[in-house]
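Chemist: So that we are looking at the same thing, I have put the structure below in structure tokens.
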Amino acid sequence: MIGKNPDSIAAACFTLAVAAAGLGWGGAAAADFRSVAENAAVLYDAPSAKAKKLYVVSYGYPFEVLVVVEGWSKVRDAAGEMTWIQSKQLSDARIVMVRTPLAQVREAADDNAPVAFQVQQNVLLELLEVASGGWLRVRHRDGQSGYVRVAQVWGV
């Protein structure tokens, strides 16, 4: 029974919101990916500047945003680790990270297309477009662009 206690009402509302999100109620079920907007951002173990500082990440690092609470975002990184970051330090810029030892970026969205360039693991690429057939059009910070297989990157 919830009762009239404001804390129990807030807890019940939060539980319902989490359950609704998990069931896909009230919106698309697509993951929400954001990237770090600052030159350096601190990751915490809780949503507070007084919480334990865990890591510092650099500009462009991609995260999946799991929940947003009072100016803080609970995020998941490519390794699956969950931490907290100030929401204002995240950007809508779409960045993907290479997760295979060596990704081949092709000139066209076709396995038979010539290789435009290769990218090593953990390199960040700007996501330009989600193409058909499991391909992404990406751009390297040096300006080269092409198509990479979705399975070779993290962040979509």
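In the structure tokens, chains take letters A, B, ... by order of appearance, with residues numbered from 1 within each chain and ligands from 1 in the order shown.
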So that I can check the surroundings of Leu102 (chain A), please list as a PyMOL selection string every protein, DNA and RNA residue that reaches within 6 Å of it, counting only C-alpha atoms and ignoring chain neighbours fewer than 6 positions away.
Modeler: chain A and resi 119-121
Chemist: List the neighbours of Ala131 (chain A) out to 9 Å using only C-alpha atoms; skip same-chain residues closer than 5 positions along the sequence, and give me the result as a list in words.
Modeler: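 Residues meeting the cut-off are Ala109, Leu136, Arg137 and Tyr147 of chain A.
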Chemist: Could you pull out all residues of chain A with a DSSP call of strand (DSSP E) and give them as an NGL selection string?
Modeler: :A and (32-36 or 40-44 or 53-58 or 62-69 or 72-76 or 82-86 or 90-91 or 95-98 or 102-106 or 115-120 or 124-131 or 135-139 or 145-149 or 153-154)
Chemist: Could you jot down the CA of Val156 (chain A) to CA of Phe33 (chain A) separation for me, Å, one decimal place?
Modeler: 6.9 Å
Chemist: Could you check the closest approach to Val67 (chain A) for each of A:Asp32, A:Glu81, A:Glu129, A:Asp111 and tell me which residue wins, using only C-alpha atoms?
Modeler: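 For Val67 (chain A), the nearest of the given residues is A:Asp32.
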Chemist: Nearest residue to Ser132 (chain A) out of A:Ala108, A:Val57, A:Val69, A:Ala116, using only C-alpha atoms?
Modeler: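 With only C-alpha atoms as the atom set, the closest residue is A:Ala108.
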Chemist: Quick one: everything within 7 Å of Gln86 (chain A), counting only C-alpha atoms, minus sequence neighbours fewer than 2 positions away in the same chain. Send it as a PDB file with C-alpha atoms, in the first residue's frame.
Modeler:
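Written out: part34.pdb:
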```pdb
ATOM      1  CA  GLY A  71      20.903  16.667 -14.151  1.00  0.00           C
ATOM      2  CA  TRP A  72      22.729  13.334 -14.040  1.00  0.00           C
ATOM      3  CA  SER A  73      22.770  10.506 -16.574  1.00  0.00           C
ATOM      4  CA  TRP A  84      27.100   8.395 -13.732  1.00  0.00           C
ATOM      5  CA  LYS A  88      25.365  18.739 -19.347  1.00  0.00           C
ATOM      6  CA  GLN A  89      28.644  17.022 -20.291  1.00  0.00           C
TER       7      GLN A  89
END
```
Chemist: As a list in words, please: the residues near Gln144 (chain A) (cut-off 8 Å, only C-alpha atoms, same-chain neighbours under 4 positions excluded).
Modeler: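 Skipping anything fewer than 4 positions along the chain leaves Ala116, Phe117, Arg139 and His140 of chain A.
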Chemist: Would you export the selected residues with all heavy atoms as a tab-separated table (two decimals), in the first residue's frame, please?
Modeler:
```tsv
chain	number	residue	atom	x	y	z
A	116	ALA	N	38.42	1.72	-48.07
A	116	ALA	CA	38.83	3.12	-48.08
A	116	ALA	C	39.96	3.33	-47.07
A	116	ALA	O	40.94	4.01	-47.36
A	116	ALA	CB	37.65	4.02	-47.76
A	117	PHE	N	39.81	2.76	-45.89
A	117	PHE	CA	40.84	2.82	-44.85
A	117	PHE	C	40.51	1.80	-43.77
A	117	PHE	O	39.41	1.25	-43.73
A	117	PHE	CB	40.99	4.23	-44.26
A	117	PHE	CG	39.75	4.80	-43.63
A	117	PHE	CD1	39.58	4.78	-42.24
A	117	PHE	CD2	38.76	5.41	-44.39
A	117	PHE	CE1	38.46	5.31	-41.65
A	117	PHE	CE2	37.63	5.96	-43.80
A	117	PHE	CZ	37.48	5.91	-42.43
A	139	ARG	N	32.80	8.86	-40.44
A	139	ARG	CA	33.91	9.72	-40.84
A	139	ARG	C	34.95	9.69	-39.73
A	139	ARG	O	34.65	9.82	-38.55
A	139	ARG	CB	33.44	11.16	-41.06
A	139	ARG	CG	34.58	12.09	-41.44
A	139	ARG	CD	34.17	13.50	-41.83
A	139	ARG	NE	33.03	14.02	-41.09
A	139	ARG	CZ	31.97	14.60	-41.66
A	139	ARG	NH1	31.90	14.73	-42.96
A	139	ARG	NH2	30.99	15.06	-40.92
A	140	HIS	N	36.21	9.52	-40.13
A	140	HIS	CA	37.34	9.57	-39.21
A	140	HIS	C	37.67	11.04	-38.95
A	140	HIS	O	37.39	11.91	-39.78
A	140	HIS	CB	38.55	8.85	-39.85
A	140	HIS	CG	39.70	8.68	-38.92
A	140	HIS	ND1	40.68	9.62	-38.78
A	140	HIS	CD2	40.01	7.67	-38.07
A	140	HIS	CE1	41.56	9.20	-37.89
A	140	HIS	NE2	41.18	8.01	-37.45
```
Chemist: If you measure from CA of Ser91 (chain A) to CA of Val56 (chain A), what distance in Å do you get, rounded to one decimal?
Modeler: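 That distance, rounded to one decimal, is 16.2 Å.
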Chemist: Using only C-alpha atoms, pick whichever of A:Lys74, A:Arg149, A:Lys50, A:Arg34 has the shortest atom-to-atom distance to Gln104 (chain A).
Modeler: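 Residue with the minimum atom-to-atom distance to Gln104 (chain A): A:Arg149.
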Chemist: Counting only C-alpha atoms, which residue out of A:Leu90, A:Val65, A:Met82, A:Val115 sits closest to Asn39 (chain A)?
Modeler: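 Of A:Leu90, A:Val65, A:Met82, A:Val115, the one nearest Asn39 (chain A) is A:Leu90, counting only C-alpha atoms.
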Chemist: Which residue is closest to Gly60 (chain A)? Choose from A:Met97, A:Ala46, A:Ala113, A:Val105 and count only C-alpha atoms.
Modeler: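 Between A:Met97, A:Ala46, A:Ala113, A:Val105, the residue approaching Gly60 (chain A) most closely is A:Met97.
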Chemist: Can you pull out every residue within 7 Å of Val98 (chain A), counting only C-alpha atoms, but drop anything in the same chain fewer than 3 positions away, and send it as a list in words?
Modeler: Ala103, Gln120, Gln121, Asn122, Val123, Leu124, Gln152, Val153 and Trp154 of chain A
Chemist: Residues of the last selection are to be written out with all heavy atoms, as a compact mmCIF listing (two decimals), in the first residue's frame.
Modeler:
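again_14.txt was written with the following content:
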```
# COMPACT_ATOMS: atom_id res chain seq x y z
N ALA A 103 38.96 -2.73 -38.07
CA ALA A 103 37.75 -2.57 -38.87
C ALA A 103 38.11 -2.05 -40.25
O ALA A 103 38.95 -1.16 -40.38
CB ALA A 103 36.79 -1.62 -38.19
N GLN A 120 41.83 0.89 -36.16
CA GLN A 120 42.14 0.00 -35.05
C GLN A 120 41.08 0.07 -33.96
O GLN A 120 40.31 1.03 -33.88
CB GLN A 120 43.51 0.34 -34.47
CG GLN A 120 44.64 0.04 -35.43
CD GLN A 120 46.00 0.32 -34.81
OE1 GLN A 120 46.10 0.86 -33.73
NE2 GLN A 120 47.03 -0.07 -35.52
N GLN A 121 41.08 -0.94 -33.11
CA GLN A 121 40.14 -1.04 -32.00
C GLN A 121 40.20 0.21 -31.11
O GLN A 121 41.27 0.78 -30.90
CB GLN A 121 40.47 -2.28 -31.17
CG GLN A 121 39.43 -2.62 -30.13
CD GLN A 121 39.70 -4.00 -29.53
OE1 GLN A 121 40.80 -4.53 -29.59
NE2 GLN A 121 38.67 -4.57 -28.94
N ASN A 122 39.04 0.63 -30.62
CA ASN A 122 38.83 1.77 -29.72
C ASN A 122 38.95 3.14 -30.38
O ASN A 122 38.84 4.15 -29.69
CB ASN A 122 39.75 1.69 -28.50
CG ASN A 122 39.46 0.47 -27.65
OD1 ASN A 122 38.32 0.03 -27.54
ND2 ASN A 122 40.49 -0.11 -27.08
N VAL A 123 39.16 3.19 -31.68
CA VAL A 123 39.18 4.47 -32.39
C VAL A 123 37.73 4.95 -32.54
O VAL A 123 36.82 4.17 -32.78
CB VAL A 123 39.86 4.34 -33.77
CG1 VAL A 123 39.65 5.60 -34.62
CG2 VAL A 123 41.34 4.07 -33.60
N LEU A 124 37.53 6.26 -32.37
CA LEU A 124 36.20 6.86 -32.47
C LEU A 124 35.95 7.35 -33.89
O LEU A 124 36.84 7.92 -34.53
CB LEU A 124 36.08 8.03 -31.50
CG LEU A 124 36.34 7.71 -30.03
CD1 LEU A 124 36.22 8.98 -29.19
CD2 LEU A 124 35.43 6.62 -29.53
N GLN A 152 31.03 -4.21 -36.26
CA GLN A 152 32.42 -3.86 -35.97
C GLN A 152 32.56 -2.67 -35.03
O GLN A 152 33.67 -2.34 -34.62
CB GLN A 152 33.17 -3.57 -37.26
CG GLN A 152 33.34 -4.78 -38.16
CD GLN A 152 34.16 -4.46 -39.38
OE1 GLN A 152 33.90 -3.50 -40.10
NE2 GLN A 152 35.20 -5.25 -39.58
N VAL A 153 31.43 -2.03 -34.67
CA VAL A 153 31.50 -0.84 -33.83
C VAL A 153 30.50 -0.93 -32.68
O VAL A 153 29.59 -1.76 -32.70
CB VAL A 153 31.23 0.45 -34.64
CG1 VAL A 153 32.31 0.66 -35.71
CG2 VAL A 153 29.85 0.44 -35.26
N TRP A 154 30.67 -0.05 -31.69
CA TRP A 154 29.73 0.06 -30.59
C TRP A 154 29.22 1.49 -30.55
O TRP A 154 29.97 2.44 -30.76
CB TRP A 154 30.42 -0.27 -29.27
CG TRP A 154 29.49 -0.29 -28.12
CD1 TRP A 154 28.72 -1.35 -27.71
CD2 TRP A 154 29.18 0.78 -27.25
NE1 TRP A 154 27.96 -0.98 -26.64
CE2 TRP A 154 28.21 0.33 -26.33
CE3 TRP A 154 29.62 2.09 -27.14
CZ2 TRP A 154 27.69 1.12 -25.32
CZ3 TRP A 154 29.11 2.90 -26.16
CH2 TRP A 154 28.16 2.41 -25.25
```
Chemist: Name the residues in contact with Tyr44 (chain A) at a cut-off of 8 Å, using only C-alpha atoms, excluding same-chain residues fewer than 4 positions from it; report them as a list in words.
Modeler: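 The contact residues come out as Ser48, Ala49, Ala51, Lys52, Lys53, Leu54, Tyr55, Thr83, Trp84 and Ile85 of chain A.
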Chemist: The selected residues should be written to file as a PDB file, in the first residue's frame (atoms: C-alpha atoms).
Modeler:
```pdb
ATOM      1  CA  SER A  48      26.408  13.482  -7.173  1.00  0.00           C
ATOM      2  CA  ALA A  49      29.591  15.532  -7.427  1.00  0.00           C
ATOM      3  CA  ALA A  51      30.202  10.646  -5.030  1.00  0.00           C
ATOM      4  CA  LYS A  52      33.330   8.596  -5.681  1.00  0.00           C
ATOM      5  CA  LYS A  53      35.152   9.645  -8.855  1.00  0.00           C
ATOM      6  CA  LEU A  54      35.863   6.576 -10.982  1.00  0.00           C
ATOM      7  CA  TYR A  55      37.331   7.633 -14.336  1.00  0.00           C
ATOM      8  CA  THR A  83      28.550   4.902 -14.180  1.00  0.00           C
ATOM      9  CA  TRP A  84      27.100   8.395 -13.732  1.00  0.00           C
ATOM     10  CA  ILE A  85      27.990  11.598 -15.593  1.00  0.00           C
TER      11      ILE A  85
END
```
Chemist: Let me make sure I understand: among A:Val75, A:Val36, A:Val138, A:Leu43, which one has the smallest atom-to-atom distance to Ser58 (chain A) if we use only C-alpha atoms?
Modeler: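 For Ser58 (chain A), the nearest of the given residues is A:Val36.
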Chemist: Could you jot down the CA of Pro47 (chain A) to CA of Leu127 (chain A) separation for me, Å, one decimal place?
Modeler: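 A separation of 28.4 Å between them.
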